[in-house]
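query-v3.cif (mmCIF, C-alpha atoms and all ligand atoms)
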```
data_structure
#
loop_
_atom_site.label_atom_id
_atom_site.label_comp_id
_atom_site.auth_asym_id
_atom_site.auth_seq_id
_atom_site.Cartn_x
_atom_site.Cartn_y
_atom_site.Cartn_z
CA MET A 1 -4.62 13.22 -12.80
CA ARG A 2 -1.19 14.28 -14.08
CA GLU A 3 -0.59 13.05 -17.63
CA ASN A 4 2.82 11.47 -16.99
CA ILE A 5 1.49 9.52 -13.97
CA LYS A 6 -1.51 8.41 -16.02
CA SER A 7 0.65 7.10 -18.85
CA VAL A 8 2.95 5.08 -16.54
CA LEU A 9 -0.12 3.66 -14.74
CA LYS A 10 -1.61 2.67 -18.10
CA LYS A 11 1.56 0.86 -19.14
CA LEU A 12 1.90 -0.96 -15.79
CA GLY A 13 -1.82 -1.79 -15.73
CA LYS A 14 -1.54 -3.52 -19.12
CA GLN A 15 1.49 -5.52 -17.99
CA SER A 16 -0.27 -6.50 -14.76
CA GLU A 17 -3.36 -7.67 -16.68
CA LEU A 18 -1.18 -9.91 -18.88
CA GLU A 19 0.38 -11.41 -15.75
CA LYS A 20 -2.96 -11.93 -13.98
CA SER A 21 -4.57 -13.55 -17.02
CA GLU A 22 -1.41 -15.68 -17.47
CA LYS A 23 -1.11 -14.53 -21.08
CA ILE A 24 2.55 -14.11 -20.21
CA GLN A 25 4.49 -16.33 -17.84
CA VAL A 26 6.47 -14.52 -15.16
CA ASN A 27 8.33 -16.04 -12.18
CA HIS A 28 6.44 -15.48 -8.93
CA ASP A 29 9.18 -13.24 -7.47
CA GLU A 30 9.03 -10.93 -10.49
CA ARG A 31 5.23 -10.64 -10.63
CA MET A 32 3.83 -7.18 -9.98
CA LEU A 33 0.86 -8.45 -7.92
CA THR A 34 -0.83 -5.06 -8.21
CA ILE A 35 -4.11 -3.75 -6.85
CA SER A 36 -6.81 -3.40 -9.51
CA ASN A 37 -7.39 -0.13 -11.41
CA GLU A 38 -10.72 0.29 -9.59
CA THR A 39 -8.98 -0.07 -6.22
CA GLY A 40 -6.38 2.49 -7.27
CA GLU A 41 -9.10 4.91 -8.39
CA PHE A 42 -11.01 4.44 -5.14
CA PHE A 43 -7.95 5.19 -2.97
CA ASN A 44 -7.03 8.13 -5.20
CA ILE A 45 -10.46 9.68 -4.58
CA LEU A 46 -10.42 8.84 -0.86
CA LEU A 47 -6.97 10.42 -0.40
CA LYS A 48 -8.03 13.56 -2.26
CA ALA A 49 -11.16 13.82 -0.09
CA MET A 50 -9.02 13.37 3.06
CA LYS A 51 -6.54 15.98 1.81
CA ALA A 52 -3.88 13.40 2.72
CA LYS A 53 -0.30 14.61 2.97
CA LYS A 54 1.64 11.72 4.43
CA ILE A 55 1.29 8.09 3.37
CA LEU A 56 3.01 4.89 4.45
CA GLU A 57 2.92 1.86 2.16
CA VAL A 58 4.04 -1.63 3.17
CA GLY A 59 4.68 -3.67 -0.01
CA MET A 60 5.51 -1.38 -2.95
CA SER A 61 6.36 -3.92 -5.67
CA VAL A 62 7.08 -1.89 -8.86
CA GLY A 63 5.13 1.12 -7.61
CA PHE A 64 1.68 0.76 -9.24
CA SER A 65 -0.31 1.45 -6.05
CA THR A 66 2.27 4.09 -5.02
CA LEU A 67 1.57 5.99 -8.25
CA TRP A 68 -2.19 6.00 -7.59
CA PHE A 69 -1.44 7.41 -4.12
CA VAL A 70 1.17 9.98 -5.16
CA ASP A 71 -1.16 11.63 -7.64
CA ALA A 72 -3.56 12.38 -4.78
CA ILE A 73 -0.98 14.09 -2.55
CA LEU A 74 0.83 16.26 -5.11
CA ALA A 75 -1.50 19.22 -4.60
CA ASN A 76 -0.82 19.12 -0.84
CA ASN A 77 2.95 18.93 -1.18
CA GLY A 78 2.72 15.48 0.39
CA LYS A 79 5.13 12.59 0.79
CA ILE A 80 5.02 8.79 0.63
CA VAL A 81 7.24 6.40 2.56
CA THR A 82 7.10 2.97 0.93
CA ILE A 83 8.69 -0.34 1.94
CA GLU A 84 9.96 -3.12 -0.34
CA GLU A 85 12.54 -5.89 0.07
CA ASN A 86 12.89 -7.16 -3.52
CA GLN A 87 15.84 -5.38 -5.19
CA ASP A 88 14.69 -5.98 -8.78
CA LYS A 89 11.29 -4.51 -8.01
CA ILE A 90 12.93 -1.52 -6.29
CA THR A 91 14.97 -0.85 -9.46
CA ARG A 92 11.83 -1.10 -11.61
CA ALA A 93 9.86 1.15 -9.24
CA LYS A 94 12.59 3.82 -9.29
CA LYS A 95 12.43 3.87 -13.11
CA ASN A 96 8.64 4.13 -13.01
CA PHE A 97 8.73 7.01 -10.50
CA GLU A 98 11.32 8.83 -12.60
CA GLU A 99 9.25 8.40 -15.74
CA ALA A 100 6.19 9.71 -13.91
CA GLY A 101 8.19 12.66 -12.53
CA VAL A 102 7.43 11.90 -8.87
CA SER A 103 10.73 10.55 -7.43
CA ALA A 104 11.06 13.56 -5.10
CA GLN A 105 7.77 12.75 -3.37
CA ILE A 106 8.58 9.08 -2.69
CA GLU A 107 11.03 7.72 -0.11
CA ILE A 108 11.75 4.02 -0.61
CA GLN A 109 12.75 2.13 2.53
CA GLU A 110 14.56 -0.98 1.36
CA GLY A 111 14.43 -4.14 3.46
CA LYS A 112 12.20 -6.24 5.69
CA ALA A 113 8.95 -4.52 6.59
CA LEU A 114 8.92 -5.75 10.18
CA GLN A 115 12.34 -4.27 10.98
CA ILE A 116 11.63 -0.98 9.21
CA LEU A 117 8.25 -0.59 10.93
CA GLN A 118 9.77 -1.41 14.34
CA LYS A 119 12.24 1.43 13.79
CA LEU A 120 9.55 3.87 12.61
CA ALA A 121 7.29 2.95 15.53
CA THR A 122 9.95 3.88 18.09
CA SER A 123 10.69 7.24 16.50
CA GLU A 124 8.83 9.96 18.45
CA SER A 125 8.82 12.26 15.44
CA GLU A 126 6.84 9.74 13.38
CA GLN A 127 4.01 9.30 15.94
CA GLN A 128 0.56 10.22 14.56
CA GLN A 129 2.16 11.50 11.34
CA PHE A 130 0.46 9.43 8.69
CA ASP A 131 -2.96 10.15 7.18
CA PHE A 132 -3.08 6.81 5.39
CA VAL A 133 -1.29 3.46 5.61
CA PHE A 134 -1.58 0.67 3.04
CA LEU A 135 -0.73 -2.89 4.13
CA ASP A 136 0.08 -5.04 1.09
CA ALA A 137 3.19 -7.14 1.83
CA ASP A 138 3.38 -10.68 3.27
CA LYS A 139 -0.02 -11.55 4.73
CA GLU A 140 1.10 -13.61 7.74
CA ASN A 141 2.53 -10.53 9.48
CA ASN A 142 -0.52 -8.28 9.03
CA ILE A 143 -1.46 -8.29 12.74
CA GLU A 144 2.04 -7.21 13.74
CA TYR A 145 2.13 -4.59 10.97
CA PHE A 146 -1.24 -3.22 12.09
CA ASP A 147 -0.10 -2.91 15.72
CA LEU A 148 3.12 -1.19 14.69
CA VAL A 149 1.48 1.33 12.35
CA LEU A 150 -1.53 2.24 14.52
CA PRO A 151 0.47 4.70 16.71
CA LEU A 152 1.91 6.23 13.54
CA VAL A 153 -1.53 7.16 12.16
CA ARG A 154 -3.29 10.36 13.18
CA VAL A 155 -6.73 10.16 14.78
CA GLY A 156 -9.14 10.13 11.82
CA GLY A 157 -6.51 8.51 9.62
CA ILE A 158 -7.07 5.29 7.64
CA ILE A 159 -5.27 1.96 7.53
CA ALA A 160 -6.24 -0.03 4.42
CA THR A 161 -5.34 -3.71 4.04
CA ASP A 162 -5.41 -5.57 0.72
CA ASN A 163 -6.34 -9.22 -0.08
CA ILE A 164 -9.06 -9.61 2.53
CA LEU A 165 -11.28 -11.61 0.11
CA TYR A 166 -8.93 -12.87 -2.63
CA PRO A 167 -6.99 -15.02 -3.27
CA GLU A 168 -9.32 -17.31 -1.33
CA GLU A 169 -6.41 -19.26 0.17
CA PHE A 170 -5.66 -16.20 2.36
CA ARG A 171 -9.15 -16.18 3.91
CA PRO A 172 -8.45 -18.03 7.19
CA GLU A 173 -5.48 -15.72 7.84
CA MET A 174 -7.51 -12.66 6.92
CA LYS A 175 -10.42 -13.72 9.13
CA LYS A 176 -8.06 -13.87 12.12
CA PHE A 177 -6.74 -10.45 11.15
CA THR A 178 -10.14 -8.75 10.81
CA GLU A 179 -11.40 -10.32 14.06
CA TYR A 180 -8.30 -9.03 15.82
CA ILE A 181 -8.63 -5.44 14.61
CA LYS A 182 -12.40 -5.40 15.32
CA SER A 183 -11.56 -5.96 18.99
CA LYS A 184 -9.59 -2.71 19.21
CA PRO A 185 -11.38 0.07 21.11
CA ASN A 186 -9.99 2.86 18.91
CA VAL A 187 -10.62 1.29 15.50
CA GLN A 188 -13.77 1.16 13.37
CA THR A 189 -13.39 -1.19 10.43
CA MET A 190 -15.25 -2.77 7.50
CA THR A 191 -14.46 -4.95 4.49
CA LEU A 192 -15.07 -3.43 1.10
CA ASP A 193 -15.76 -5.89 -1.74
CA LEU A 194 -13.53 -4.08 -4.20
CA GLY A 195 -10.63 -5.64 -6.11
CA ASN A 196 -9.09 -8.27 -3.84
CA GLY A 197 -11.16 -7.07 -0.87
CA GLU A 198 -10.01 -4.03 1.07
CA GLU A 199 -10.24 -3.67 4.84
CA ILE A 200 -10.85 0.00 5.59
CA SER A 201 -10.03 0.88 9.20
CA ILE A 202 -10.29 4.33 10.76
CA LYS A 203 -8.46 5.30 13.95
CA THR A 204 -11.23 6.85 16.05
CA LYS A 205 -9.28 8.08 19.10
C1 LIG B 1 1.22 -7.65 -3.41
S1 LIG B 1 2.78 -6.98 -3.73
C2 LIG B 1 2.53 -5.25 -3.58
C3 LIG B 1 1.75 -4.67 -4.73
C4 LIG B 1 1.67 -3.17 -4.72
N1 LIG B 1 1.16 -2.66 -3.46
C5 LIG B 1 0.74 -2.73 -5.84
O1 LIG B 1 -0.48 -2.83 -5.67
O2 LIG B 1 1.25 -2.29 -6.88
C6 LIG B 1 3.64 -7.35 -2.26
C7 LIG B 1 5.09 -6.85 -2.24
O3 LIG B 1 5.55 -6.93 -0.89
C8 LIG B 1 6.90 -7.32 -0.90
N2 LIG B 1 7.15 -7.97 0.40
C9 LIG B 1 6.65 -9.16 0.83
N3 LIG B 1 7.05 -9.39 2.08
C10 LIG B 1 7.83 -8.35 2.45
C11 LIG B 1 8.53 -8.02 3.64
N4 LIG B 1 8.52 -8.83 4.70
N5 LIG B 1 9.22 -6.87 3.68
C12 LIG B 1 9.24 -6.03 2.61
N6 LIG B 1 8.59 -6.28 1.46
C13 LIG B 1 7.89 -7.42 1.37
C14 LIG B 1 7.02 -8.28 -2.07
O4 LIG B 1 8.35 -8.32 -2.56
C15 LIG B 1 6.03 -7.69 -3.06
O5 LIG B 1 6.68 -6.88 -4.00
#
```

Any chance you could put this one into structure tokens?
Amino acid sequence: MRENIKSVLKKLGKQSELEKSEKIQVNHDERMLTISNETGEFFNILLKAMKAKKILEVGMSVGFSTLWFVDAILANNGKIVTIEENQDKITRAKKNFEEAGVSAQIEIQEGKALQILQKLATSESEQQQFDFVFLDADKENNIEYFDLVLPLVRVGGIIATDNILYPEEFRPEMKKFTEYIKSKPNVQTMTLDLGNGEEISIKTK
């Protein structure tokens, strides 16, 4: 892993731990709500193994997960499109990407995920472009997000969804989501008990 990415990840990881353990009090809107280090490492390895070039992220926050992803695509001259609506987090993410030296590889789409995905989904040039999509924004729209991104993913590409197991209050919503995607004829999917629980779905045809 590139040293400057590693050092920004380390700094953000420490801050995130303090927030999660409530050793510091942060307003909900300002919380980073990051994936765990283990989840980041897992996706970093998976993306390297897939030789991923193009990634779509829904829910960037301050860019912690984005940095784990970008490290894996640098060697392939890849690109990440990432969506976030919170302006303060966008400002923080931009600083983090600059510090890590990866701003050129990351396109931030600012605004509501649903509207941005609806636009992307109708663009012919984006069809089947993405090797990997990460769903980690508001949980109640996951089914709609999944349906919108599926045509954008290449056959053999992966859609990963966070928070399948934790926090537990999301479980009923997540059960509906996993049952829905299991019914799709061109998707094979399983829940991985890693971090907050990751749904790993491959587009099979
Ligand atoms: C769980 S956090 C993302 C954490 C990030 N993926 C990471 O692991 O570092 C979810 C983010 O999605 C953003 N978000 C929630 N609903 C959204 C929506 N409808 N459109 C765009 N962004 C949204 C929130 O502002 C928040 O920053």

Listing only residues of chain A within 6 Å of ligand LIG 1 (chain B), what is the closest atom pair and its distance in Å (to one decimal) for each, using all atoms listed in the file, sorted by chain and residue number ascending, as JSON lines?
```
{"residue": "A:Leu33", "atom": "CA", "partner": "B:LIG1", "partner_atom": "C1", "distance": 4.6}
{"residue": "A:Thr34", "atom": "CA", "partner": "B:LIG1", "partner_atom": "O1", "distance": 3.4}
{"residue": "A:Ile35", "atom": "CA", "partner": "B:LIG1", "partner_atom": "O1", "distance": 3.9}
{"residue": "A:Gly59", "atom": "CA", "partner": "B:LIG1", "partner_atom": "O3", "distance": 3.5}
{"residue": "A:Met60", "atom": "CA", "partner": "B:LIG1", "partner_atom": "N1", "distance": 4.6}
{"residue": "A:Ser61", "atom": "CA", "partner": "B:LIG1", "partner_atom": "O5", "distance": 3.4}
{"residue": "A:Gly63", "atom": "CA", "partner": "B:LIG1", "partner_atom": "O2", "distance": 5.2}
{"residue": "A:Phe64", "atom": "CA", "partner": "B:LIG1", "partner_atom": "O2", "distance": 3.9}
{"residue": "A:Ser65", "atom": "CA", "partner": "B:LIG1", "partner_atom": "O2", "distance": 4.1}
{"residue": "A:Ile83", "atom": "CA", "partner": "B:LIG1", "partner_atom": "C12", "distance": 5.8}
{"residue": "A:Glu84", "atom": "CA", "partner": "B:LIG1", "partner_atom": "N6", "distance": 3.9}
{"residue": "A:Glu85", "atom": "CA", "partner": "B:LIG1", "partner_atom": "C12", "distance": 4.2}
{"residue": "A:Asn86", "atom": "CA", "partner": "B:LIG1", "partner_atom": "O4", "distance": 4.8}
{"residue": "A:Gly111", "atom": "CA", "partner": "B:LIG1", "partner_atom": "C12", "distance": 5.6}
{"residue": "A:Lys112", "atom": "CA", "partner": "B:LIG1", "partner_atom": "N5", "distance": 3.6}
{"residue": "A:Ala113", "atom": "CA", "partner": "B:LIG1", "partner_atom": "N5", "distance": 3.8}
{"residue": "A:Asp136", "atom": "CA", "partner": "B:LIG1", "partner_atom": "N1", "distance": 5.2}
{"residue": "A:Ala137", "atom": "CA", "partner": "B:LIG1", "partner_atom": "O3", "distance": 3.6}
{"residue": "A:Asp138", "atom": "CA", "partner": "B:LIG1", "partner_atom": "N3", "distance": 4.1}
```

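Comparing the minimum interatomic distances between Met174 (chain A) and each of A:Asp147, A:Asp131, A:Asp193, A:Glu140, counting all atoms listed in the file, we find that A:Glu140 sits nearest.
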
Practice item. Quote the spacing between CA of Phe130 (chain A) and CA of Leu47 (chain A) in Å to one decimal place. Key: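 Taking CA of Phe130 (chain A) as the start and CA of Leu47 (chain A) as the end point, the length is 11.8 Å.
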
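CA of Phe97 (chain A) lies 12.0 Å from CA of Phe69 (chain A).
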
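Closest to Ile5 (chain A) among A:Ile159, A:Thr178, A:Ser36, A:Glu99 is A:Glu99, based on all atoms listed in the file.
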
Check your understanding: Could you pull the residues within 6 Å of Leu56 (chain A), counting only C-alpha atoms, minus those fewer than 3 positions along the same chain, as a ChimeraX atom specification?
Key -> /A:80-82,133

With a cut-off of 12 Å, could you pull out the residues of region 128-165 of chain A touching region 187-192 of chain A and give me the nearest pair of atoms for each, distance in Å to one decimal, using all atoms listed in the file, ordered by chain and ascending number, as a Markdown table?
```
| residue | atom | partner | partner_atom | distance |
| --- | --- | --- | --- | --- |
| A:Phe146 | CA | A:Val187 | CA | 11.0 |
| A:Asp147 | CA | A:Val187 | CA | 11.3 |
| A:Leu150 | CA | A:Val187 | CA | 9.2 |
| A:Pro151 | CA | A:Val187 | CA | 11.7 |
| A:Val153 | CA | A:Val187 | CA | 11.3 |
| A:Arg154 | CA | A:Val187 | CA | 11.9 |
| A:Val155 | CA | A:Val187 | CA | 9.7 |
| A:Gly156 | CA | A:Val187 | CA | 9.7 |
| A:Gly157 | CA | A:Val187 | CA | 10.2 |
| A:Ile158 | CA | A:Thr189 | CA | 9.5 |
| A:Ile159 | CA | A:Thr189 | CA | 9.2 |
| A:Ala160 | CA | A:Thr189 | CA | 9.4 |
| A:Thr161 | CA | A:Thr191 | CA | 9.2 |
| A:Asp162 | CA | A:Thr191 | CA | 9.8 |
| A:Asn163 | CA | A:Thr191 | CA | 10.2 |
| A:Ile164 | CA | A:Thr191 | CA | 7.4 |
| A:Leu165 | CA | A:Thr191 | CA | 8.6 |
```

Review point. What is the distance between CA of Asn186 (chain A) and CA of Lys203 (chain A), in Å to one decimal?
Key: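 CA of Lys203 (chain A) lies at a distance of 5.7 Å from CA of Asn186 (chain A).
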
Point to revise | For Lys175 (chain A), the nearest of the candidates A:Ile202, A:Trp68, A:Leu194, A:Asn142, counting only C-alpha atoms | key: A:Asn142

**Study point:** Counting all atoms listed in the file, the option among A:Val62, A:Ile181, A:Asn37, A:Val8 closest to Glu199 (chain A)
**Key:**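 Ranking A:Val62, A:Ile181, A:Asn37, A:Val8 by distance to Glu199 (chain A), first place goes to A:Ile181.
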
Check your understanding: Looking at A:Gln127, A:Gly101, A:Glu41, A:Gln115, which one is nearest to Glu3 (chain A), with distances taken over all atoms listed in the file?
Key ->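 For Glu3 (chain A), the nearest of the given residues is A:Gly101.
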